[in-house]
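First the structure, in the form of structure tokens, and then the observations on it.
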Amino acid sequence: MNLNTQSSSTERVDLKEILTTYTKHWKWFVLSVIAFMTMAYLILRYSIPEYAAMAKIQILDDKSSGSGLEVFKEIDFFSGSNNQVEDEIELIKSRSNFIEVVKELRLNTKVKVLGKIKDSELYSKPPIKINFIAEDSIINKASFSFYVSLSSSTTFGYVEEEDKPYKIYAFGKNIPTPIGEIVITPNLEKFENYKSKKIKVIVNPVNVIAQGYRNKTRVSVESDFSNIVDIYLEDPIKEKAKDIIAALIRVYNKNSIDDKKAIADRTSNFIGDRITEIYSNLSSVDQSAEDFKTGHRVTDIANEANINLNVGVANQKEITNLKTELGFASAMKSILEDQEAIELLPSNLGLSDPTITSITAKYNGLVSERKRLLKSSNEKNPVIVNLDQEINDLKQTMHSSLNSTLNNLSIQVNTLSGQQAIINSKIYSAPKNQRELRDIERQQQTTESLYLYLLQKREEAQIAVASRSPKSKVIDNAYIPNNFPVSPRRSVIYMAFMILGFIVPFSIIYVYDMLDNKVHNMHSLEKLTKNTPVLGEIPRLLNKEEKLVLKEDRSVLSEALRIIRTNLDYLIKTKNAKLGNNNVVYVTSSVPGEGKTFLSTNLSMILASGNKKVLLVGADIRNPKIYTFFTGEQIDNLSRPRRNKDVGLTEYLYDDTIDIKEITNPMLVGNNTIDVIYSGRIPPNPAELLMSNRLKYLLRDVSSIYDYVIVDTAPLMVVTDTLLISEYADHLIYVTRAGITEEKAVEFPIKLKAEGKINGLCFVVNDVKASNLGYGGKYGYGYGKSQKKWWKF
């Protein structure tokens, strides 16, 4: 009880009190956790588990892959072709690769056995085999499902909607469907295991299934600056996940080999054409040399003017190289102009312009991607149309670059030819035969060296292409790292639902506590009343419990009332009386139903149990309730002497002839004796009647006769009756009801006290739950009373 004045600049946060707010509802936490754990069990029980499959590969560069394309680097065929691992990862995850995987494994067709709650997919060995008569282009775009009932080894039931009756077909017969005819045959190895069961067959578009597995597949680098790549996939069927990863690696390697072979073949063919052309030129030069020597009868001519000749040779070699490059550029331009369809171009054959080299490589890359996409689409596909536009743009750019290169080479040839003319003018001073033969021999040597060089490169290319290897090396084939499912994760789900089991009641209690503006026990009331004393609290009673305390009662209710009696005696002793013996105690509340009459009656009984003279006055003449506590229906051992029911406080106030003794009713309740003044009849003018001086005289007289005068008054906030007679009270007990009385209602009597309208204000909390008794339910009542533990009931 807060009897002394306490002041503090700040309020300390009581962590124990906050914890008690939640721990007193431990049963709800337990029930919530049990409920959520049950939900988690059901989710895990009926969810489809997924297993992880993974593989590890090494991305090889062109040299280590043994593709043989490095033999062309001497003539700049594949400059800048080192692969970046990030680019290869995108190639592995390309949509076209997954489309090929789905087609190879026929993943667009699923066979499921229907269960009561969840269906199970049959992947490796289904009981039936489905053969589609329609073209693959139609099946790959179809979305269709049907049901099969395996009735016998020769016939089966077929229906397209589950709720409709099955139509019987024989195995091997054509069945008409919206996507064309299909043929169903039994798989004798597994047929008997699924006899009399219902099978569902689902056909989905290849593109949709491919995109789904593409999204589920994770391809990542083992570490920074590493060529090791991990491929990871989760699927409900272990074997399917392994097969998809293995097929993806296989398709990736096959496509990379096909791309390299196409480019290498195209380049090799180009070299072959050039060899044929140069061979013709070489034959012509050899014939010219033979004819010259024969016609001029020349076998050996001394070398004259070695210095001029050496310079001329070097200059002529430069002119020849430029002309060779000019010939390559011209041939490249002719191929580009004569090309009607979109085909691969030979890579740069020694052209000095790096722009042509990069454009040719990018052009061939787009053409290769276009060819792969055409395998699963057509030329009207928006992706292919965009590729065609990019290819045409590159072709125009390459055409412009070739024209520029031809112009530059022509200018250089003309410049060097002018210089050669000056050198030749010096050489021409030598014998004419020697000069002409020298010209023929130089042309012969140049053509022959180029011819032999190209022959060598063609042989190397043919050997390299024949011995080509995949672009990746499999380090770990597809395998299942763990036989336990990775999804759903049991420990995570149980932990998450357990946390939810705590969070949900915690949140509800927290929100309820935040929105709660009611008084719940003595401790919460003391925070509001500050310097106004709180006498105690009264526990909530069950329907079967006695509502009126008796002498030597040791119930929780009687103990709570004894604490209130002790605190009330302390106030009576420490306060100076204004009228009588400082023993006139009003009992009131904010509104009806908060227990003021209950408290005034039981407080009178507990005071009388100490052999004190107690008078209980029913001053709530508008709604009298005291009489209901002294009836045989509620108190079985009540001794009722003769009393005058028709004469009470109301009659005493308006009839001056009535004496106090006439309205006083001695009561023997068990072993307790108290006197009661009932309210009497309900008057038409209660407020005016209470303003009578006879009430003042009544309270003054009985105060000197009795040890305690308990007055049950009207609710303070509803009517003005109590305020009219508040000056006669030495103490005013304001009853609040736990869970009913709002905190703002407590401010009203405190305000009246500050204004001097009421005297001796103190509070009592009624109807407090057992868990809230005392300070947060930690310190309750019932000392000395034996109680069973909850687990022993």
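The way I read the labels, and the way they are meant: chains A, B, ... in the order of the structure tokens, residue 1 as the first residue of every chain, and ligand 1 as the first ligand shown, with later ones counted on from there.
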Region 440-448 of chain A environment, 8 Å, only C-alpha atoms, sequence neighbours closer than 6 positions dropped, as number ranges by chain: A: 278, 281-282, 285-286, 288-289, 313, 317, 320
Residue neighbourhood region 164-181 of chain A, 6 Å, only C-alpha atoms, exclusion window fewer than 3 positions, as a list of chain:residue names: A:Ile133, A:Ala134, A:Thr154, A:Thr155, A:Phe156, A:Gly157, A:Tyr158, A:Val159, A:Glu161, A:Ile184, A:Thr185
Exercise: Lys110 (chain A) partners within 9 Å, only C-alpha atoms, chain neighbours under 6 positions left out, as a ChimeraX atom specification: /A:121-123,200-204
For the selection you just gave me, I'd like the residues written to a file as an mmCIF file, in the first residue's frame, keeping all heavy atoms.
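Written file, out20.cif:
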```cif
data_model
loop_
_atom_site.group_PDB
_atom_site.id
_atom_site.type_symbol
_atom_site.label_atom_id
_atom_site.label_comp_id
_atom_site.auth_asym_id
_atom_site.auth_seq_id
_atom_site.Cartn_x
_atom_site.Cartn_y
_atom_site.Cartn_z
ATOM 1 N N GLU A 121 5.446 -38.135 -58.829
ATOM 2 C CA GLU A 121 5.879 -38.239 -60.219
ATOM 3 C C GLU A 121 6.688 -39.516 -60.419
ATOM 4 O O GLU A 121 7.526 -39.886 -59.604
ATOM 5 C CB GLU A 121 6.724 -37.026 -60.609
ATOM 6 C CG GLU A 121 7.189 -37.059 -62.061
ATOM 7 C CD GLU A 121 8.033 -35.864 -62.433
ATOM 8 O OE1 GLU A 121 8.162 -34.950 -61.583
ATOM 9 O OE2 GLU A 121 8.567 -35.840 -63.556
ATOM 10 N N LEU A 122 6.409 -40.201 -61.548
ATOM 11 C CA LEU A 122 7.136 -41.405 -61.919
ATOM 12 C C LEU A 122 8.073 -41.032 -63.052
ATOM 13 O O LEU A 122 7.642 -40.789 -64.182
ATOM 14 C CB LEU A 122 6.161 -42.503 -62.361
ATOM 15 C CG LEU A 122 5.042 -42.832 -61.345
ATOM 16 C CD1 LEU A 122 4.082 -43.836 -61.927
ATOM 17 C CD2 LEU A 122 5.636 -43.341 -60.040
ATOM 18 N N TYR A 123 9.368 -40.987 -62.743
ATOM 19 C CA TYR A 123 10.325 -40.477 -63.736
ATOM 20 C C TYR A 123 11.041 -41.582 -64.501
ATOM 21 O O TYR A 123 10.956 -41.674 -65.717
ATOM 22 C CB TYR A 123 11.337 -39.583 -63.032
ATOM 23 C CG TYR A 123 12.502 -39.184 -63.905
ATOM 24 C CD1 TYR A 123 12.326 -38.327 -64.981
ATOM 25 C CD2 TYR A 123 13.775 -39.699 -63.673
ATOM 26 C CE1 TYR A 123 13.394 -37.970 -65.799
ATOM 27 C CE2 TYR A 123 14.846 -39.350 -64.481
ATOM 28 C CZ TYR A 123 14.656 -38.495 -65.539
ATOM 29 O OH TYR A 123 15.705 -38.149 -66.344
ATOM 30 N N LYS A 200 -1.923 -39.728 -63.910
ATOM 31 C CA LYS A 200 -2.143 -38.453 -64.585
ATOM 32 C C LYS A 200 -0.939 -38.139 -65.465
ATOM 33 O O LYS A 200 0.203 -38.198 -64.999
ATOM 34 C CB LYS A 200 -2.351 -37.327 -63.568
ATOM 35 C CG LYS A 200 -2.646 -35.972 -64.219
ATOM 36 C CD LYS A 200 -2.881 -34.892 -63.170
ATOM 37 C CE LYS A 200 -3.198 -33.547 -63.837
ATOM 38 N NZ LYS A 200 -3.424 -32.478 -62.829
ATOM 39 N N VAL A 201 -1.209 -37.821 -66.730
ATOM 40 C CA VAL A 201 -0.154 -37.482 -67.674
ATOM 41 C C VAL A 201 -0.294 -36.009 -68.037
ATOM 42 O O VAL A 201 -1.382 -35.548 -68.409
ATOM 43 C CB VAL A 201 -0.228 -38.354 -68.938
ATOM 44 C CG1 VAL A 201 0.887 -37.968 -69.917
ATOM 45 C CG2 VAL A 201 -0.127 -39.823 -68.571
ATOM 46 N N ILE A 202 0.790 -35.261 -67.905
ATOM 47 C CA ILE A 202 0.784 -33.817 -68.157
ATOM 48 C C ILE A 202 1.796 -33.513 -69.247
ATOM 49 O O ILE A 202 2.957 -33.930 -69.161
ATOM 50 C CB ILE A 202 1.135 -33.021 -66.881
ATOM 51 C CG1 ILE A 202 0.192 -33.399 -65.738
ATOM 52 C CG2 ILE A 202 1.082 -31.522 -67.143
ATOM 53 C CD1 ILE A 202 0.586 -32.808 -64.401
ATOM 54 N N VAL A 203 1.339 -32.802 -70.270
ATOM 55 C CA VAL A 203 2.217 -32.360 -71.360
ATOM 56 C C VAL A 203 2.290 -30.840 -71.315
ATOM 57 O O VAL A 203 1.252 -30.158 -71.411
ATOM 58 C CB VAL A 203 1.705 -32.839 -72.731
ATOM 59 C CG1 VAL A 203 2.651 -32.389 -73.842
ATOM 60 C CG2 VAL A 203 1.563 -34.360 -72.742
ATOM 61 N N ASN A 204 3.478 -30.305 -71.152
ATOM 62 C CA ASN A 204 3.684 -28.859 -71.073
ATOM 63 C C ASN A 204 4.559 -28.397 -72.228
ATOM 64 O O ASN A 204 5.326 -29.187 -72.798
ATOM 65 C CB ASN A 204 4.346 -28.480 -69.748
ATOM 66 C CG ASN A 204 3.423 -28.665 -68.564
ATOM 67 O OD1 ASN A 204 2.270 -28.270 -68.612
ATOM 68 N ND2 ASN A 204 3.924 -29.285 -67.507
#
```
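Of note, CA of Leu716 (chain A) and CA of Leu649 (chain A) are spaced 19.2 Å apart.
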Test item, helix (DSSP H, G or I) assignment across region 125-336 of chain A, answer as a PyMOL selection string: chain A and resi 136-139+188-194+206-216+238-296+306-336
Interatomic distance, CA of Asp439 (chain A) to CA of Gln287 (chain A) (Å, one decimal): 13.5 Å
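Take CA of Asp721 (chain A) and CA of Leu690 (chain A): the distance between them is 7.0 Å.
Among the candidates A:Ile572, A:Val251, A:Ile128, A:Ile335, the residue lying nearest to Phe270 (chain A) is A:Ile335 (atoms considered: only C-alpha atoms).
Of the residues under consideration (A:Leu550, A:Val718, A:Lys573, A:Ser589), A:Leu550 shows the shortest atom-to-atom contact distance to Asn602 (chain A) when counting only C-alpha atoms.
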A:Pro686, A:Leu409, A:Asp767, A:Leu248 ranked by distance to Glu651 (chain A), top pick (using only C-alpha atoms): A:Pro686
Pick from A:Ser280, A:Ser196, A:Ser120, A:Ser376 nearest to Ser153 (chain A), counting only C-alpha atoms: A:Ser196
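Excluding Glu50 (chain A) itself and same-chain residues fewer than 4 positions from it, the residues having an atom within 8 Å of it are Glu234, Asp235, Pro236, Ile237, Pro485, Val486, Ser487 and Pro488 of chain A, counting only C-alpha atoms.
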Would you export the selected residues with all heavy atoms as a compact mmCIF listing (two decimals), in the first residue's frame, please?
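Resulting contents of result00.txt:
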```txt
# COMPACT_ATOMS: atom_id res chain seq x y z
N GLU A 234 18.18 -28.33 -57.73
CA GLU A 234 17.31 -29.00 -56.75
C GLU A 234 16.06 -29.51 -57.46
O GLU A 234 15.45 -28.78 -58.26
CB GLU A 234 16.92 -28.04 -55.63
CG GLU A 234 18.09 -27.61 -54.76
CD GLU A 234 17.66 -26.66 -53.65
OE1 GLU A 234 16.44 -26.43 -53.53
OE2 GLU A 234 18.53 -26.14 -52.93
N ASP A 235 15.67 -30.76 -57.15
CA ASP A 235 14.50 -31.35 -57.77
C ASP A 235 13.96 -32.44 -56.84
O ASP A 235 14.72 -33.06 -56.10
CB ASP A 235 14.87 -31.94 -59.14
CG ASP A 235 13.64 -32.25 -59.98
OD1 ASP A 235 13.14 -31.32 -60.63
OD2 ASP A 235 13.19 -33.42 -59.98
N PRO A 236 12.63 -32.69 -56.88
CA PRO A 236 12.08 -33.73 -56.02
C PRO A 236 12.60 -35.13 -56.35
O PRO A 236 12.55 -36.02 -55.50
CB PRO A 236 10.56 -33.63 -56.29
CG PRO A 236 10.35 -32.24 -56.79
CD PRO A 236 11.58 -31.90 -57.55
N ILE A 237 13.07 -35.35 -57.58
CA ILE A 237 13.55 -36.67 -57.98
C ILE A 237 15.06 -36.61 -58.17
O ILE A 237 15.57 -35.83 -58.98
CB ILE A 237 12.85 -37.13 -59.28
CG1 ILE A 237 11.33 -37.15 -59.07
CG2 ILE A 237 13.35 -38.51 -59.69
CD1 ILE A 237 10.55 -37.49 -60.30
N PRO A 485 16.85 -34.50 -47.89
CA PRO A 485 16.32 -33.39 -48.72
C PRO A 485 16.85 -32.03 -48.24
O PRO A 485 17.05 -31.82 -47.05
CB PRO A 485 14.81 -33.50 -48.52
CG PRO A 485 14.62 -34.25 -47.24
CD PRO A 485 15.79 -35.18 -47.13
N VAL A 486 17.07 -31.15 -49.20
CA VAL A 486 17.52 -29.79 -48.89
C VAL A 486 16.35 -28.82 -48.77
O VAL A 486 16.50 -27.71 -48.27
CB VAL A 486 18.51 -29.30 -49.95
CG1 VAL A 486 19.77 -30.14 -49.94
CG2 VAL A 486 17.88 -29.31 -51.35
N SER A 487 15.20 -29.24 -49.26
CA SER A 487 14.01 -28.41 -49.17
C SER A 487 12.79 -29.32 -49.10
O SER A 487 12.67 -30.26 -49.91
CB SER A 487 13.91 -27.49 -50.39
OG SER A 487 12.70 -26.77 -50.37
N PRO A 488 11.88 -29.11 -48.14
CA PRO A 488 12.00 -28.11 -47.06
C PRO A 488 13.00 -28.56 -45.99
O PRO A 488 13.13 -29.75 -45.73
CB PRO A 488 10.58 -28.05 -46.50
CG PRO A 488 10.01 -29.41 -46.78
CD PRO A 488 10.63 -29.88 -48.08
```
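Omitting region 352-359 of chain A and its sequence neighbours fewer than 3 positions away, and counting only C-alpha atoms, the residues within 7 Å are Ser347, Asn348, Lys362, Tyr363, Leu394, Met398 and Ser401 of chain A.
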Exercise: Lys769 (chain A) partners within 10 Å, only C-alpha atoms, chain neighbours under 5 positions left out, as a list in words: His520, Asn521, Ile538, Pro539, Arg540, Leu541, Ala738, Gly739 and Gly777 of chain A
Please dump the current selection as a PDB file, in the first residue's frame; keep N, CA and C atoms.
```
ATOM      1  N   HIS A 520      -5.837  -3.191 -13.568  1.00  0.00           N
ATOM      2  CA  HIS A 520      -5.840  -4.649 -13.461  1.00  0.00           C
ATOM      3  C   HIS A 520      -5.500  -5.147 -12.066  1.00  0.00           C
ATOM      4  N   ASN A 521      -4.721  -4.421 -11.308  1.00  0.00           N
ATOM      5  CA  ASN A 521      -4.410  -4.851  -9.943  1.00  0.00           C
ATOM      6  C   ASN A 521      -3.919  -3.652  -9.138  1.00  0.00           C
ATOM      7  N   ILE A 538      -9.129  -7.137  -4.128  1.00  0.00           N
ATOM      8  CA  ILE A 538     -10.033  -8.248  -3.830  1.00  0.00           C
ATOM      9  C   ILE A 538      -9.977  -9.227  -4.996  1.00  0.00           C
ATOM     10  N   PRO A 539      -9.765 -10.499  -4.711  1.00  0.00           N
ATOM     11  CA  PRO A 539      -9.628 -11.475  -5.793  1.00  0.00           C
ATOM     12  C   PRO A 539     -10.958 -11.764  -6.476  1.00  0.00           C
ATOM     13  N   ARG A 540     -10.850 -12.254  -7.702  1.00  0.00           N
ATOM     14  CA  ARG A 540     -12.046 -12.668  -8.448  1.00  0.00           C
ATOM     15  C   ARG A 540     -12.550 -13.975  -7.870  1.00  0.00           C
ATOM     16  N   LEU A 541     -13.869 -14.053  -7.701  1.00  0.00           N
ATOM     17  CA  LEU A 541     -14.492 -15.237  -7.126  1.00  0.00           C
ATOM     18  C   LEU A 541     -15.166 -16.058  -8.217  1.00  0.00           C
ATOM     19  N   ALA A 738     -11.071  -4.526 -11.719  1.00  0.00           N
ATOM     20  CA  ALA A 738      -9.997  -4.927 -12.642  1.00  0.00           C
ATOM     21  C   ALA A 738     -10.574  -5.302 -13.995  1.00  0.00           C
ATOM     22  N   GLY A 739      -9.979  -4.741 -15.044  1.00  0.00           N
ATOM     23  CA  GLY A 739     -10.416  -5.034 -16.405  1.00  0.00           C
ATOM     24  C   GLY A 739     -11.646  -4.268 -16.840  1.00  0.00           C
ATOM     25  N   GLY A 777       1.140 -10.620  -9.699  1.00  0.00           N
ATOM     26  CA  GLY A 777       0.848 -12.017  -9.472  1.00  0.00           C
ATOM     27  C   GLY A 777       1.960 -12.764  -8.766  1.00  0.00           C
TER      28      GLY A 777
END
```
Polymer residues at most 12 Å from Ala52 (chain A), only C-alpha atoms, same-chain spacing of 5 or more positions, as a list in words: Lys216, Thr217, Arg218, Ile231, Tyr232, Leu233, Glu234, Asp235, Pro236, Ile237, Lys238, Glu239, Lys240, Ala241, Lys242, Ile244, Ile245, Ala478, Tyr479, Ile480, Pro481, Asn482, Asn483, Phe484, Pro485, Val486, Ser487 and Pro488 of chain A
Let me see the file: selected residues, C-alpha atoms, as a PDB file, in the first residue's frame.
```
ATOM      1  CA  LYS A 216      16.301 -23.430 -60.865  1.00  0.00           C
ATOM      2  CA  THR A 217      19.820 -24.255 -62.066  1.00  0.00           C
ATOM      3  CA  ARG A 218      22.666 -22.380 -60.424  1.00  0.00           C
ATOM      4  CA  ILE A 231      26.509 -26.629 -61.488  1.00  0.00           C
ATOM      5  CA  TYR A 232      23.752 -27.034 -58.855  1.00  0.00           C
ATOM      6  CA  LEU A 233      20.101 -28.090 -59.190  1.00  0.00           C
ATOM      7  CA  GLU A 234      17.315 -29.003 -56.754  1.00  0.00           C
ATOM      8  CA  ASP A 235      14.497 -31.353 -57.768  1.00  0.00           C
ATOM      9  CA  PRO A 236      12.077 -33.735 -56.025  1.00  0.00           C
ATOM     10  CA  ILE A 237      13.551 -36.675 -57.983  1.00  0.00           C
ATOM     11  CA  LYS A 238      17.234 -37.391 -57.465  1.00  0.00           C
ATOM     12  CA  GLU A 239      17.785 -39.211 -60.742  1.00  0.00           C
ATOM     13  CA  LYS A 240      16.105 -36.490 -62.747  1.00  0.00           C
ATOM     14  CA  ALA A 241      18.319 -33.785 -61.228  1.00  0.00           C
ATOM     15  CA  LYS A 242      21.442 -35.806 -62.047  1.00  0.00           C
ATOM     16  CA  ILE A 244      19.497 -32.826 -66.244  1.00  0.00           C
ATOM     17  CA  ILE A 245      22.951 -31.682 -65.100  1.00  0.00           C
ATOM     18  CA  ALA A 478      26.550 -35.235 -61.543  1.00  0.00           C
ATOM     19  CA  TYR A 479      26.022 -36.689 -58.074  1.00  0.00           C
ATOM     20  CA  ILE A 480      23.804 -36.338 -54.985  1.00  0.00           C
ATOM     21  CA  PRO A 481      25.919 -34.761 -52.219  1.00  0.00           C
ATOM     22  CA  ASN A 482      23.435 -35.648 -49.491  1.00  0.00           C
ATOM     23  CA  ASN A 483      20.639 -38.214 -49.324  1.00  0.00           C
ATOM     24  CA  PHE A 484      18.649 -35.919 -47.057  1.00  0.00           C
ATOM     25  CA  PRO A 485      16.324 -33.387 -48.718  1.00  0.00           C
ATOM     26  CA  VAL A 486      17.520 -29.791 -48.888  1.00  0.00           C
ATOM     27  CA  SER A 487      14.006 -28.410 -49.169  1.00  0.00           C
ATOM     28  CA  PRO A 488      11.997 -28.111 -47.065  1.00  0.00           C
TER      29      PRO A 488
END
```
Could you give me, as a Markdown table, every region 91-137 of chain A residue with an atom at most 12 Å from region 29-47 of chain A, plus its closest atom pair and distance in Å to one decimal, counting only C-alpha atoms, rows ordered by chain then number?
```
| residue | atom | partner | partner_atom | distance |
| --- | --- | --- | --- | --- |
| A:Gly115 | CA | A:Tyr46 | CA | 11.1 |
| A:Lys116 | CA | A:Tyr46 | CA | 10.6 |
| A:Ile117 | CA | A:Tyr46 | CA | 7.4 |
| A:Lys118 | CA | A:Tyr46 | CA | 6.9 |
| A:Asp119 | CA | A:Tyr46 | CA | 10.1 |
| A:Ser120 | CA | A:Ser47 | CA | 11.2 |
```
Just-selected residues, N, CA, C and O atoms written as an mmCIF file, in the first residue's frame:
```
data_model
loop_
_atom_site.group_PDB
_atom_site.id
_atom_site.type_symbol
_atom_site.label_atom_id
_atom_site.label_comp_id
_atom_site.auth_asym_id
_atom_site.auth_seq_id
_atom_site.Cartn_x
_atom_site.Cartn_y
_atom_site.Cartn_z
ATOM 1 N N GLY A 115 -2.422 -39.533 -55.521
ATOM 2 C CA GLY A 115 -2.550 -39.947 -54.134
ATOM 3 C C GLY A 115 -3.720 -39.249 -53.467
ATOM 4 O O GLY A 115 -4.395 -38.404 -54.064
ATOM 5 N N LYS A 116 -3.943 -39.564 -52.200
ATOM 6 C CA LYS A 116 -5.062 -38.964 -51.492
ATOM 7 C C LYS A 116 -4.831 -37.472 -51.229
ATOM 8 O O LYS A 116 -5.752 -36.678 -51.294
ATOM 9 N N ILE A 117 -3.603 -37.119 -50.919
ATOM 10 C CA ILE A 117 -3.291 -35.723 -50.609
ATOM 11 C C ILE A 117 -2.319 -35.138 -51.619
ATOM 12 O O ILE A 117 -2.515 -34.045 -52.135
ATOM 13 N N LYS A 118 -1.249 -35.863 -51.919
ATOM 14 C CA LYS A 118 -0.273 -35.351 -52.886
ATOM 15 C C LYS A 118 0.020 -36.414 -53.930
ATOM 16 O O LYS A 118 -0.096 -37.620 -53.669
ATOM 17 N N ASP A 119 0.389 -35.954 -55.115
ATOM 18 C CA ASP A 119 0.705 -36.840 -56.227
ATOM 19 C C ASP A 119 2.203 -37.073 -56.298
ATOM 20 O O ASP A 119 3.003 -36.214 -55.914
ATOM 21 N N SER A 120 2.587 -38.243 -56.823
ATOM 22 C CA SER A 120 3.995 -38.601 -56.944
ATOM 23 C C SER A 120 4.354 -38.781 -58.413
ATOM 24 O O SER A 120 3.649 -39.473 -59.146
#
```
Filtered DSSP result for region 435-526 of chain A, state strand (DSSP E), as a VMD selection string: chain A and resid 472 to 479
